[in-house]
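Worksheet: the structure to be examined is printed underneath.
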Amino acid sequence: MDLNTWKAQGACINVLRKKVFIIDKGKHHTKNILLLHGFITSSYCYHKILDELSKYHRVILIDLIGFGFSEKPKEQYFTILQQADIVQEILKKLDIKTISLLGHDYGGSIINEILVRKNLEQIDFQIESIIFCNVNMRIDVLEFSPSQENHFMALSKALKKLMSSKGMFKKDIRALFFDQEKISEIELENFWLLMQENDGLDIVDYVDNYMEERKTFWNRWHRALRNSSMPIKLIWSKNDTVVLPMIAEFIALETPNSQLSMIDTCGHLPMLEKPKDLLDLILKT
């Protein structure tokens with residue numbers, strides 16, 4: 001799908017003094033679901049499942065602040081807590097009363113923060129269910145060796161370089177796939193264009209701040225998972241080299257009412273590599 005066609009399905013709206021791109025499809029349905037994307041991507045990563053999912057749900061997609069067609073503040077890191085504020089305000093503007101939430105990678109941390117607020121009775125909508133998909137949380141109870149910590153630092157540096165070179169960007173996005181043939185050159189080009197949108201390549205790097213936030217708020221988020229009484233589905237890729245399946249297994253053990261499903265022969269982006277598998281698992285919730 002070309003970007004003009006994708007963009008035409010949504011619009012930018014003003015939310016808490018920021019311009020946010022949203023797609024709201026299938027409004028006639030009574031069941032609602034919000035999908036949040038991960039780091040360095042955008043709502044476009046869900047383009048393979050949007051049409052089919054909107055046959056059963058009202059589907060709301062958001063380009064988070066700093067990504068895609070949304071505003072990209074310069075010299076400012078937009079925190080996960082601020083992203084959660086934006087999400088809450090959008091749902092209020094759309095008059096959503098009950099909704100299921102799905103977060104992939106970075107988007108999962110935002111969903112986790114919203115779960116904290118639900119447990120504290122700080123949201124004005126009901127959450128029907130939560131789906132975490134390959135969520136890159138920091139698990140403090142796991143023992144990371146010095147070599148693993150060095151790996152995280154190297155990953156941070158690699159992601160910084162990734163944002164400055166189209167060739168490196170495409171190469172590293174392909175590396176997220178178990179089968180690199182599952183992402184097309186057009187899709188790679190579109191992701192690169194979305195990175196450039198609104199001077200995105202000039203924004204302050206997110207990587208170090210994002211990793212530090214996961215360290216800072218892990219106890220808060222972990223406690224919310226342990227104390228949750230609502231259905232939580234964990235959808236993970238067996239061959240994800242970014243967020244290892246062992247993290248999903250730990251979260252499943254620590255989280256009441258959780259159900260873990262694995263997608264075989266799939267890397268970090270199941271919505272692009274195994275869209276039908278992911279869609280089937282979403283619709284089973």
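A note on labels: chains of the structure tokens are A, B, ... as shown, every chain counts residues from 1, and ligands are counted from 1 in their shown order.
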
Report task. Enumerate the residues of region 58-247 of chain A with a DSSP assignment of alpha helix (DSSP H), computed from the backbone, and present them as a ChimeraX atom specification. Result -> /A:80-93,106-119,146-162,166-174,185-196,207-227,245-247

**Report entry** Neighbour list for Phe78 (chain A) as a PyMOL selection string, cut-off 10 Å, only C-alpha atoms, skip fewer than 2 positions in-chain
**Finding:** chain A and resi 64-66+72-76+80-83+204+206+209-210

Report task. Write out as an NGL selection string which residues come within 12 Å of His268 (chain A) when counting only C-alpha atoms, dropping same-chain ones fewer than 6 positions away. Result -> :A and (37-39 or 41 or 45 or 104-105 or 133-136 or 172-180 or 235-245 or 262 or 274)

Report task. Pick out the closest residue to Ile40 (chain A) from this set: A:Lys27, A:Lys170, A:Arg226, A:Lys276. Count only C-alpha atoms. Result -> A:Lys170

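Interatomic distance, CA of His28 (chain A) against CA of Lys55 (chain A): 9.7 Å.
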
**Report entry** Secondary structure check, strand (DSSP E or B) residues of region 48-282 of chain A, as number ranges by chain
**Finding:** A: 58-62, 98-104, 126-133, 232-237, 258-263

Query raised in the report: Of the candidates A:Leu34, A:Ile127, A:Ile183, A:Ile251, which one gets nearest to His57 (chain A) if we count only C-alpha atoms?
Result: A:Leu34
